[in-house]
>>> print(open('final.txt').read())   # compact mmCIF, C-alpha atoms and all ligand atoms
# COMPACT_ATOMS: atom_id res chain seq x y z
CA MET A 101 0.00 0.00 0.00
CA ILE A 102 1.34 3.41 -0.91
CA GLU A 103 1.36 5.80 1.99
CA GLN A 104 -0.39 9.05 1.25
CA SER A 105 1.88 11.95 2.15
CA HIS A 106 0.40 14.86 4.08
CA TYR A 107 -0.89 17.46 1.70
CA VAL A 108 0.88 20.72 2.53
CA THR A 109 -0.88 23.88 1.50
CA PRO A 110 0.88 27.12 0.51
CA ARG A 111 -0.60 28.64 3.68
CA GLU A 112 1.12 26.04 5.86
CA ILE A 113 4.46 26.64 4.17
CA ILE A 114 4.15 30.41 4.49
CA ASN A 115 3.08 30.20 8.13
CA ARG A 116 6.25 28.19 8.72
CA LEU A 117 8.27 30.80 6.78
CA CYS A 118 6.84 33.63 8.86
CA SER A 119 7.85 32.00 12.15
CA ALA A 120 11.28 30.69 11.07
CA THR A 121 14.43 32.53 12.11
CA LEU A 122 17.29 30.39 10.82
CA GLN A 123 18.60 30.93 7.31
CA ALA A 124 18.47 27.15 6.61
CA ASP A 125 14.81 26.87 7.72
CA ILE A 126 13.78 29.86 5.62
CA CYS A 127 15.57 28.45 2.57
CA ALA A 128 13.82 25.10 3.18
CA CYS A 129 10.41 26.83 3.26
CA LEU A 130 11.16 28.68 0.01
CA GLY A 131 12.36 25.40 -1.55
CA ASP A 132 9.10 23.69 -0.48
CA LEU A 133 7.13 26.53 -2.00
CA ILE A 134 8.97 26.15 -5.31
CA THR A 135 8.38 22.38 -5.32
CA HIS A 136 4.73 22.91 -4.54
CA LEU A 137 4.23 25.62 -7.14
CA SER A 138 5.97 23.61 -9.85
CA ARG A 139 4.10 20.41 -9.03
CA ARG A 140 0.71 21.98 -9.26
CA GLY A 141 1.64 24.83 -11.55
CA GLY A 142 -1.03 27.20 -12.70
CA ARG A 143 -2.31 30.51 -11.52
CA ALA A 144 -4.75 29.13 -8.96
CA PHE A 145 -1.83 27.90 -6.92
CA ALA A 146 0.06 31.14 -7.20
CA ARG A 147 -3.06 33.00 -6.07
CA ALA A 148 -3.39 30.68 -3.07
CA ALA A 149 0.26 31.35 -2.18
CA ILE A 150 -0.24 35.09 -2.45
CA ARG A 151 -3.41 34.99 -0.34
CA ALA A 152 -1.62 32.97 2.30
CA THR A 153 1.28 35.42 2.25
CA LEU A 154 -0.98 38.41 2.73
CA GLU A 155 -2.62 36.87 5.77
CA SER A 156 0.54 35.51 7.37
CA PHE A 157 2.61 38.58 6.62
CA GLY A 158 0.03 40.81 8.30
CA GLY A 159 0.30 38.59 11.40
CA LEU A 160 4.09 38.60 11.23
CA LEU A 161 4.28 42.37 11.15
CA SER A 162 1.79 42.94 13.93
CA GLY A 163 3.83 40.72 16.26
CA MET A 164 7.15 42.43 15.59
CA GLU A 165 8.92 45.46 16.89
CA PHE A 166 10.58 47.68 14.35
CA ASP A 167 13.16 50.35 14.93
CA ARG A 168 11.56 53.31 13.27
CA TYR A 169 13.82 56.31 13.04
CA CYS A 170 12.66 59.86 12.90
CA GLY A 171 14.78 60.14 9.76
CA GLY A 172 12.02 58.23 7.99
CA TYR A 173 13.31 54.70 7.44
CA THR A 174 12.70 51.43 9.21
CA MET A 175 15.48 49.15 10.39
CA ILE A 176 14.96 45.41 10.65
CA GLN A 177 17.32 43.64 13.03
CA PRO A 178 19.24 40.41 12.27
CA ARG A 179 16.89 38.12 14.24
CA ASN A 180 14.00 39.00 11.91
CA ALA A 181 15.87 39.97 8.78
CA PHE A 182 15.69 36.87 6.56
CA ARG A 183 12.04 36.05 7.24
CA VAL A 184 10.82 39.63 6.81
CA LEU A 185 12.89 39.88 3.63
CA SER A 186 11.30 36.67 2.28
CA ALA A 187 7.77 37.42 3.39
CA LEU A 188 7.89 40.99 2.11
CA SER A 189 9.26 39.90 -1.29
CA LEU A 190 6.36 37.46 -1.66
CA TYR A 191 3.86 39.97 -0.30
CA LEU A 192 4.81 42.51 -2.97
CA ALA A 193 5.24 39.98 -5.79
CA ASP A 194 3.26 40.27 -8.97
CA PRO A 195 0.74 37.38 -8.75
CA LEU A 196 1.85 36.19 -12.19
CA GLU A 197 5.52 36.21 -11.20
CA VAL A 198 5.31 34.37 -7.89
CA MET A 199 7.54 31.51 -9.00
CA GLY A 200 10.27 33.88 -10.26
CA THR A 201 10.09 35.90 -7.03
CA VAL A 202 10.37 32.80 -4.83
CA ARG A 203 13.35 31.56 -6.85
CA GLN A 204 15.14 34.93 -6.69
CA THR A 205 14.48 35.23 -2.96
CA LEU A 206 15.82 31.73 -2.34
CA GLU A 207 18.91 32.51 -4.42
CA LEU A 208 19.49 35.75 -2.50
CA ILE A 209 19.03 34.32 0.99
CA SER A 210 21.06 31.18 0.35
CA SER A 211 23.94 33.33 -1.00
CA PHE A 212 24.69 34.75 2.48
CA GLN A 213 27.66 33.15 4.20
CA LYS A 214 28.82 32.94 7.79
CA ALA A 215 30.09 36.36 8.82
CA THR A 216 33.72 36.90 9.78
CA THR A 217 33.05 40.49 10.89
CA THR A 218 30.09 42.08 12.67
CA PRO A 219 27.55 44.23 10.82
CA LEU A 220 27.53 47.94 11.63
CA ALA A 221 25.67 48.64 14.88
CA PRO A 222 22.22 50.31 14.60
CA GLU A 223 23.71 53.55 15.99
CA GLU A 224 26.49 53.47 13.38
CA ILE A 225 23.97 52.96 10.57
CA HIS A 226 21.85 55.78 11.90
CA ALA A 227 24.88 58.06 12.20
CA VAL A 228 25.60 57.43 8.50
CA LEU A 229 22.08 57.68 7.08
CA GLY A 230 21.08 60.54 9.35
CA GLY A 231 24.41 62.35 9.18
CA THR A 232 24.59 63.34 5.51
CA ARG A 233 24.71 66.92 4.30
CA LEU A 234 21.56 66.26 2.24
CA PRO A 235 18.69 66.77 4.69
CA HIS A 236 15.93 65.57 2.37
CA CYS A 237 17.52 62.43 0.97
CA ILE A 238 15.76 59.88 3.21
CA ARG A 239 12.36 61.46 2.54
CA VAL A 240 13.01 61.38 -1.21
CA ALA A 241 14.15 57.75 -1.00
CA SER A 242 10.89 56.92 0.85
CA SER A 243 8.66 58.87 -1.52
CA TRP A 244 7.23 55.86 -3.36
CA ARG A 245 7.60 53.07 -0.79
CA PRO A 246 8.96 53.08 2.79
CA LEU A 247 12.73 52.78 2.89
CA LEU A 248 13.87 49.69 4.79
CA VAL A 249 17.30 48.85 6.15
CA PHE A 250 17.99 45.20 6.92
CA ARG A 251 20.86 44.51 9.30
CA ILE A 252 22.06 41.03 8.48
CA ASP A 253 24.51 39.09 10.61
CA ALA A 254 25.94 37.21 7.61
CA ALA A 255 28.14 38.19 4.70
CA GLU A 256 27.38 38.52 1.02
CA PRO A 257 29.72 36.58 -1.27
CA ILE A 258 31.59 39.63 -2.63
CA TYR A 259 29.93 42.81 -1.51
CA ASN A 260 29.45 44.78 1.70
CA SER A 261 25.84 45.64 0.97
CA SER A 262 23.06 45.63 -1.62
CA TYR A 263 20.02 47.60 -2.64
CA LEU A 264 16.84 45.65 -3.49
CA SER A 265 14.77 47.90 -5.72
CA GLY A 266 11.63 45.69 -5.61
CA ILE A 267 11.16 46.26 -1.88
CA ASN A 268 13.15 49.54 -1.56
CA ALA A 269 15.55 47.97 0.90
CA ILE A 270 19.18 48.53 1.79
CA ILE A 271 20.87 45.33 2.89
CA ALA A 272 23.54 46.13 5.46
CA SER A 273 25.33 42.83 5.85
CA ALA A 274 28.51 42.00 7.76
CA PRO A 275 31.28 43.68 5.75
CA GLN A 276 33.94 41.66 3.95
CA LYS A 277 36.99 41.37 6.18
CA ASP A 278 39.29 43.28 3.83
CA ARG A 279 36.64 45.89 2.94
CA ARG A 280 35.51 47.00 6.38
CA GLN A 281 36.81 50.52 5.69
CA TRP A 282 34.25 50.74 2.86
CA ALA A 283 31.26 49.73 5.02
CA LYS A 284 29.95 53.28 5.62
CA GLN A 285 30.62 54.38 2.04
CA ALA A 286 28.75 51.25 0.87
CA LEU A 287 25.68 52.25 2.93
CA LEU A 288 25.68 55.70 1.34
CA HIS A 289 26.21 54.10 -2.08
CA GLU A 290 23.06 51.99 -1.54
CA LEU A 291 21.16 55.07 -0.37
CA GLY A 292 22.27 56.62 -3.68
CA HIS A 293 20.63 53.71 -5.52
CA ALA A 294 17.49 54.22 -3.43
CA ILE A 295 17.39 57.89 -4.55
CA GLN A 296 18.08 56.84 -8.14
CA VAL A 297 15.19 54.34 -8.16
CA ALA A 298 12.86 56.72 -6.27
CA LEU A 299 13.43 59.26 -9.08
CA THR A 300 13.49 57.00 -12.15
CA LYS A 301 11.41 54.03 -10.92
CA THR A 302 13.81 51.81 -12.90
CA PRO A 303 16.77 49.99 -11.28
CA PHE A 304 19.39 50.70 -13.92
CA GLU A 305 18.22 54.11 -15.08
CA VAL A 306 19.91 57.29 -13.93
CA PRO A 307 18.18 60.70 -13.81
CA ARG A 308 19.05 62.54 -17.04
CA SER A 309 19.84 65.70 -15.07
CA PHE A 310 22.97 63.85 -13.87
CA PHE A 311 24.40 63.46 -17.40
CA PRO A 312 25.82 66.98 -17.83
CA VAL A 313 27.01 66.97 -14.20
CA TYR A 314 28.89 63.74 -14.86
CA GLU A 315 30.49 65.19 -17.99
CA ALA A 316 31.42 68.44 -16.26
CA THR A 317 33.00 66.72 -13.25
CA SER A 318 34.62 63.70 -14.92
CA GLY A 319 35.66 65.14 -18.27
CA ARG A 320 34.20 61.99 -19.88
CA ASP A 321 31.62 61.76 -22.60
CA ILE A 322 28.30 60.35 -21.38
CA GLY A 323 28.07 58.14 -24.48
CA SER A 324 31.20 56.23 -23.47
CA THR A 325 29.58 54.85 -20.30
CA SER A 326 26.83 52.23 -20.17
CA MET A 327 23.65 52.95 -18.20
CA LYS A 328 24.51 50.12 -15.77
CA ASP A 329 27.95 51.63 -15.07
CA LEU A 330 26.35 55.06 -14.80
CA SER A 331 24.04 53.82 -12.05
CA GLU A 332 27.14 52.77 -10.07
CA VAL A 333 28.76 56.16 -10.77
CA PHE A 334 25.55 57.89 -9.64
CA ALA A 335 25.54 55.92 -6.37
CA ASP A 336 29.25 56.59 -5.73
CA THR A 337 28.99 60.28 -6.51
CA PHE A 338 25.94 60.48 -4.24
CA SER A 339 28.08 58.99 -1.45
CA ILE A 340 30.69 61.71 -2.03
CA ALA A 341 28.08 64.47 -2.08
CA ALA A 342 26.42 63.15 1.08
CA SER A 343 29.76 62.98 2.95
CA TYR A 344 31.26 66.29 1.81
CA GLU A 345 32.24 68.49 4.75
CA THR A 346 30.54 66.24 7.31
CA GLU A 347 31.93 63.72 9.79
CA LEU A 348 31.35 61.07 7.15
CA GLN A 349 34.04 62.54 4.91
CA ALA A 350 36.82 60.78 6.85
CA ALA A 351 34.91 57.48 6.70
CA ASN A 352 34.41 57.62 2.93
CA PRO A 353 37.56 56.47 1.07
CA LEU A 354 36.27 58.09 -2.14
CA CYS A 355 36.62 61.51 -0.49
CA GLN A 356 40.36 60.83 -0.22
CA VAL A 357 40.53 60.18 -3.96
CA PHE A 358 38.46 62.92 -5.58
CA PRO A 359 39.59 66.56 -5.67
CA ARG A 360 37.74 68.95 -3.39
CA TRP A 361 36.11 70.93 -6.18
CA ILE A 362 34.48 67.77 -7.54
CA GLN A 363 33.12 66.88 -4.08
CA CYS A 364 31.86 70.44 -3.71
CA GLY A 365 30.24 70.45 -7.19
CA LEU A 366 28.59 67.07 -6.65
CA SER A 367 27.19 68.10 -3.27
CA ARG A 368 25.59 71.15 -4.91
CA TYR A 369 23.95 69.00 -7.62
CA PHE A 370 22.56 66.43 -5.17
CA ASP A 371 21.39 69.18 -2.83
CA VAL A 372 19.44 70.87 -5.63
CA LEU A 373 18.17 67.51 -6.95
CA THR A 374 16.85 66.27 -3.58
CA GLY A 375 15.57 69.73 -2.61
CA GLU A 376 13.53 70.01 -5.83
CA ALA A 377 12.42 66.37 -5.50
CA LEU A 378 10.97 67.21 -2.09
CA LYS A 379 8.67 69.73 -3.80
CA ASN A 380 7.45 66.95 -6.10
CA MET A 381 6.66 64.22 -3.59
CA GLU A 382 3.13 63.68 -4.90
CA THR A 383 4.46 62.99 -8.39
CA LEU A 384 7.22 60.76 -7.02
CA ALA A 385 4.70 58.64 -5.16
CA GLN A 386 3.29 57.64 -8.54
CA ARG A 387 5.86 58.03 -11.27
CA ALA A 388 9.32 59.16 -12.32
CA TRP A 389 10.43 62.76 -11.89
CA ASP A 390 13.68 64.56 -12.69
CA LEU A 391 15.19 68.00 -12.32
CA SER A 392 15.01 69.97 -15.58
CA TRP A 393 18.01 72.12 -16.31
CA THR A 394 17.18 75.42 -17.94
CA GLN A 395 19.81 77.50 -19.64
CA ALA A 396 19.81 79.81 -16.62
CA SER A 397 19.97 77.06 -13.95
CA TRP A 398 22.73 75.20 -15.82
CA SER A 399 24.74 78.35 -16.26
CA GLU A 400 24.34 79.08 -12.55
CA TYR A 401 25.51 75.54 -11.75
CA THR A 402 28.61 75.73 -13.95
CA LYS A 403 29.44 79.11 -12.44
CA PHE A 404 29.20 77.54 -9.00
CA LEU A 405 31.34 74.58 -10.14
CA THR A 406 34.16 76.67 -11.54
CA GLY A 407 34.12 78.68 -8.28
CA CYS A 408 34.59 75.54 -6.13
CA PRO A 409 37.92 75.41 -4.25
CA GLY A 410 40.76 74.16 -6.45
CA TYR A 411 38.72 73.96 -9.67
CA ALA A 412 40.69 72.45 -12.54
CA ASP A 413 39.89 70.98 -15.92
CA PRO A 414 38.52 67.51 -15.00
CA ARG A 415 40.47 65.81 -17.81
CA ILE A 416 43.65 66.87 -16.03
CA ALA A 417 42.37 66.69 -12.45
CA LEU A 418 41.23 63.09 -12.77
CA ARG A 419 44.10 61.80 -14.91
CA ASP A 420 45.89 60.32 -11.90
CA SER A 421 42.87 59.39 -9.83
CA THR A 422 41.75 55.81 -10.00
CA ARG A 423 38.15 54.89 -9.48
CA GLN A 424 38.11 52.36 -6.71
CA SER A 425 34.61 51.78 -5.59
CA VAL A 426 32.48 50.57 -8.47
CA GLY A 427 31.04 47.27 -7.36
CA SER A 428 31.07 47.98 -3.64
CA GLY A 429 27.50 46.73 -3.56
CA ARG A 430 25.02 44.92 -5.70
CA LEU A 431 21.91 46.38 -7.19
CA LEU A 432 19.06 43.93 -7.72
ZN ZN A 501 25.85 49.79 -6.67
>>> encode(input="final.txt", output="structure tokens")
Amino acid sequence: MIEQSHYVTPREIINRLCSATLQADICACLGDLITHLSRRGGRAFARAAIRATLESFGGLLSGMEFDRYCGGYTMIQPRNAFRVLSALSLYLADPLEVMGTVRQTLELISSFQKATTTPLAPEEIHAVLGGTRLPHCIRVASSWRPLLVFRIDAAEPIYNSSYLSGINAIIASAPQKDRRQWAKQALLHELGHAIQVALTKTPFEVPRSFFPVYEATSGRDIGSTSMKDLSEVFADTFSIAASYETELQAANPLCQVFPRWIQCGLSRYFDVLTGEALKNMETLAQRAWDLSWTQASWSEYTKFLTGCPGYADPRIALRDSTRQSVGSGRLL
């Protein structure tokens, strides 16, 4: 006689997921969900999984304490990080893409390895995100979906941190042993991606208003850089602008590399960009928005740039500087 195995519903799997804390248990739940979805296939099953997620995720959130900062973002601590990350990814998944979302989430969570360093403390993270010279940047980054910061007590395979555009989340994992000095810069870099996505609503698209700023400060032609590379440049230059003339400057290795006039010019651009974005929060809640340069505003900007301390032709100023930080995080 063949023994009938217990029929496990998506709801049971997701209830298990929402109460699990260990990485291995969460990965097992996601694996079970994939097996279940592929066995039965079809939209009815995906719908059942989504319904179950909605109910269980609501319960999960109501039973949890979050560290909500007055700066406008929410921090999720290591003990809850993997399950909230999984449940939230499923909660926000397109019903027709459930399988893809579960697979991606499983891939992401199983990629974390045992940490050899400790993640930045909550106070350190707050000192970075709340200590920039750009007072509106967190509000802009939260304009379309609340900004989340997951502290994870595990390491990513290569990077110090990531930004997950689908759930508007910065992943602050345990830094790589040899890249600890980049940990604070990496957080700002990911915040830069959050601003980029808040403005463009597309992970690898950069606001067009950045193009002439990039050309004027790097001496490079915009056409010679791919959009994917530009998104990394945008995030790195945001980190410089956010650190300029603050306590973060000493903690950001890029500020030791780039001449002062470039840091000054970038901080002006990002200050204007986030300041104008703040006036367009209603638009940003729904769709993309960008700063429009007029002849007068661009001329005012270039005048400011050439008046920055130590201004020099960027083709000469940057000849000996090496870009070091591209790839300090991953953008998903
Ligand atoms: Zn990046």
>>> closest_residue(input="final.txt", among="A:Ala193, A:Ile267, A:Ile113, A:Ala124", to="Lys214 in chain A", atoms="all atoms listed in the file")
A:Ala124
>>> residues_around(input="final.txt", residues="Ile362 in chain A", least_positions_apart="5", cutoff="12 Å", atoms="only C-alpha atoms", output="ChimeraX atom specification")
/A:313-319,337-338,340-341,344,354-357,367-369,402,404-414,417-418
>>> atom_distance(input="final.txt", atom1="CA of Arg239 in chain A", atom2="CA of Glu376 in chain A")
12.0 Å
>>> atom_distance(input="final.txt", atom1="CA of Ile134 in chain A", atom2="CA of Ala215 in chain A")
27.4 Å
>>> residues_around(input="final.txt", residues="Cys127 in chain A", least_positions_apart="6", cutoff="10 Å", atoms="all atoms listed in the file", output="VMD selection string")
chain A and resid 117 120 133 182 to 183 186 205 to 210
>>> closest_residue(input="final.txt", among="A:Ala335, A:Ala350, A:Ala385, A:Leu247", to="ligand ZN 501 (chain A)", atoms="all atoms listed in the file")
A:Ala335
>>> atom_distance(input="final.txt", atom1="CA of Ala274 in chain A", atom2="CA of Gln213 in chain A")
9.6 Å
>>> residues_around(input="final.txt", residues="Val228 in chain A", least_positions_apart="4", cutoff="8 Å", atoms="only C-alpha atoms", output="count of residues only")
6
>>> closest_residue(input="final.txt", among="A:Ala294, A:Leu185, A:Ala342, A:Ala396", to="Gln363 in chain A", atoms="only C-alpha atoms")
A:Ala342
>>> closest_residue(input="final.txt", among="A:His289, A:His136, A:Arg308, A:Arg179", to="ligand ZN 501 (chain A)", atoms="all atoms listed in the file")
A:His289
>>> closest_residue(input="final.txt", among="A:Arg387, A:Ile295, A:Trp398, A:Leu373", to="ligand ZN 501 (chain A)", atoms="only C-alpha atoms and all ligand atoms")
A:Ile295
>>> residues_near_point(input="final.txt", point="(19.4, 58.0, 6.5)", cutoff="10 Å", atoms="only C-alpha atoms", output="compact mmCIF listing (two decimals) with C-alpha atoms, in the coordinates of the input")
# COMPACT_ATOMS: atom_id res chain seq x y z
CA TYR A 169 13.82 56.31 13.04
CA CYS A 170 12.66 59.86 12.90
CA GLY A 171 14.78 60.14 9.76
CA GLY A 172 12.02 58.23 7.99
CA TYR A 173 13.31 54.70 7.44
CA THR A 174 12.70 51.43 9.21
CA ILE A 225 23.97 52.96 10.57
CA HIS A 226 21.85 55.78 11.90
CA ALA A 227 24.88 58.06 12.20
CA VAL A 228 25.60 57.43 8.50
CA LEU A 229 22.08 57.68 7.08
CA GLY A 230 21.08 60.54 9.35
CA GLY A 231 24.41 62.35 9.18
CA THR A 232 24.59 63.34 5.51
CA LEU A 234 21.56 66.26 2.24
CA PRO A 235 18.69 66.77 4.69
CA HIS A 236 15.93 65.57 2.37
CA CYS A 237 17.52 62.43 0.97
CA ILE A 238 15.76 59.88 3.21
CA ARG A 239 12.36 61.46 2.54
CA ALA A 241 14.15 57.75 -1.00
CA LEU A 247 12.73 52.78 2.89
CA VAL A 249 17.30 48.85 6.15
CA LEU A 287 25.68 52.25 2.93
CA LEU A 288 25.68 55.70 1.34
CA LEU A 291 21.16 55.07 -0.37
>>> closest_residue(input="final.txt", among="A:Gln395, A:Ser189, A:Asn268, A:Ser162", to="Ser243 in chain A", atoms="all atoms listed in the file")
A:Asn268
>>> residues_near_point(input="final.txt", point="(-1.0, 20.8, -0.1)", cutoff="12 Å", atoms="all atoms listed in the file", output="PyMOL selection string")
chain A and resi 104-114+132-133+135-137+139-140+145+148-149
>>> build_atoms(input="final.txt", residues="range 118-149 of chain A", atoms="N, CA and C atoms", output="compact mmCIF listing (two decimals), in the frame of the given file")
# COMPACT_ATOMS: atom_id res chain seq x y z
N CYS A 118 7.00 32.41 8.06
CA CYS A 118 6.84 33.63 8.86
C CYS A 118 7.25 33.44 10.32
N SER A 119 7.41 32.18 10.76
CA SER A 119 7.85 32.00 12.15
C SER A 119 9.29 31.50 12.21
N ALA A 120 9.89 31.20 11.06
CA ALA A 120 11.28 30.69 11.07
C ALA A 120 12.26 31.83 11.32
N THR A 121 13.40 31.51 11.91
CA THR A 121 14.43 32.53 12.11
C THR A 121 15.75 32.13 11.46
N LEU A 122 16.00 30.81 11.36
CA LEU A 122 17.29 30.39 10.82
C LEU A 122 17.30 30.44 9.29
N GLN A 123 18.44 30.84 8.75
CA GLN A 123 18.60 30.93 7.31
C GLN A 123 18.22 29.60 6.64
N ALA A 124 18.70 28.47 7.22
CA ALA A 124 18.47 27.15 6.61
C ALA A 124 16.97 26.83 6.58
N ASP A 125 16.25 27.17 7.66
CA ASP A 125 14.81 26.87 7.72
C ASP A 125 14.05 27.72 6.71
N ILE A 126 14.46 28.96 6.57
CA ILE A 126 13.78 29.86 5.62
C ILE A 126 14.02 29.37 4.19
N CYS A 127 15.26 28.97 3.91
CA CYS A 127 15.57 28.45 2.57
C CYS A 127 14.75 27.17 2.31
N ALA A 128 14.60 26.33 3.36
CA ALA A 128 13.82 25.10 3.18
C ALA A 128 12.36 25.43 2.85
N CYS A 129 11.80 26.42 3.53
CA CYS A 129 10.41 26.83 3.26
C CYS A 129 10.27 27.32 1.81
N LEU A 130 11.23 28.15 1.38
CA LEU A 130 11.16 28.68 0.01
C LEU A 130 11.31 27.54 -1.00
N GLY A 131 12.18 26.58 -0.68
CA GLY A 131 12.36 25.40 -1.55
C GLY A 131 11.06 24.61 -1.64
N ASP A 132 10.38 24.42 -0.49
CA ASP A 132 9.10 23.69 -0.48
C ASP A 132 8.06 24.42 -1.33
N LEU A 133 8.09 25.73 -1.23
CA LEU A 133 7.13 26.53 -2.00
C LEU A 133 7.36 26.36 -3.50
N ILE A 134 8.63 26.33 -3.90
CA ILE A 134 8.97 26.15 -5.31
C ILE A 134 8.50 24.77 -5.78
N THR A 135 8.79 23.75 -4.96
CA THR A 135 8.38 22.38 -5.32
C THR A 135 6.86 22.33 -5.49
N HIS A 136 6.18 22.94 -4.54
CA HIS A 136 4.73 22.91 -4.54
C HIS A 136 4.16 23.65 -5.75
N LEU A 137 4.72 24.82 -6.01
CA LEU A 137 4.23 25.62 -7.14
C LEU A 137 4.51 24.92 -8.45
N SER A 138 5.66 24.24 -8.56
CA SER A 138 5.97 23.61 -9.85
C SER A 138 5.17 22.33 -10.03
N ARG A 139 4.88 21.65 -8.91
CA ARG A 139 4.10 20.41 -9.03
C ARG A 139 2.69 20.72 -9.53
N ARG A 140 2.08 21.66 -8.90
CA ARG A 140 0.71 21.98 -9.26
C ARG A 140 0.64 22.96 -10.43
N GLY A 141 1.61 23.81 -10.49
CA GLY A 141 1.64 24.83 -11.55
C GLY A 141 0.40 25.70 -11.50
N GLY A 142 0.23 26.48 -12.54
CA GLY A 142 -1.03 27.20 -12.70
C GLY A 142 -1.23 28.40 -11.79
N ARG A 143 -2.09 29.26 -12.23
CA ARG A 143 -2.31 30.51 -11.52
C ARG A 143 -3.07 30.33 -10.22
N ALA A 144 -3.94 29.31 -10.17
CA ALA A 144 -4.75 29.13 -8.96
C ALA A 144 -3.83 28.93 -7.77
N PHE A 145 -2.76 28.17 -8.00
CA PHE A 145 -1.83 27.90 -6.92
C PHE A 145 -1.08 29.15 -6.50
N ALA A 146 -0.66 29.90 -7.49
CA ALA A 146 0.06 31.14 -7.20
C ALA A 146 -0.85 32.07 -6.40
N ARG A 147 -2.11 32.13 -6.79
CA ARG A 147 -3.06 33.00 -6.07
C ARG A 147 -3.21 32.55 -4.62
N ALA A 148 -3.26 31.20 -4.44
CA ALA A 148 -3.39 30.68 -3.07
C ALA A 148 -2.16 31.07 -2.25
N ALA A 149 -0.98 31.00 -2.89
CA ALA A 149 0.26 31.35 -2.18
C ALA A 149 0.26 32.83 -1.80
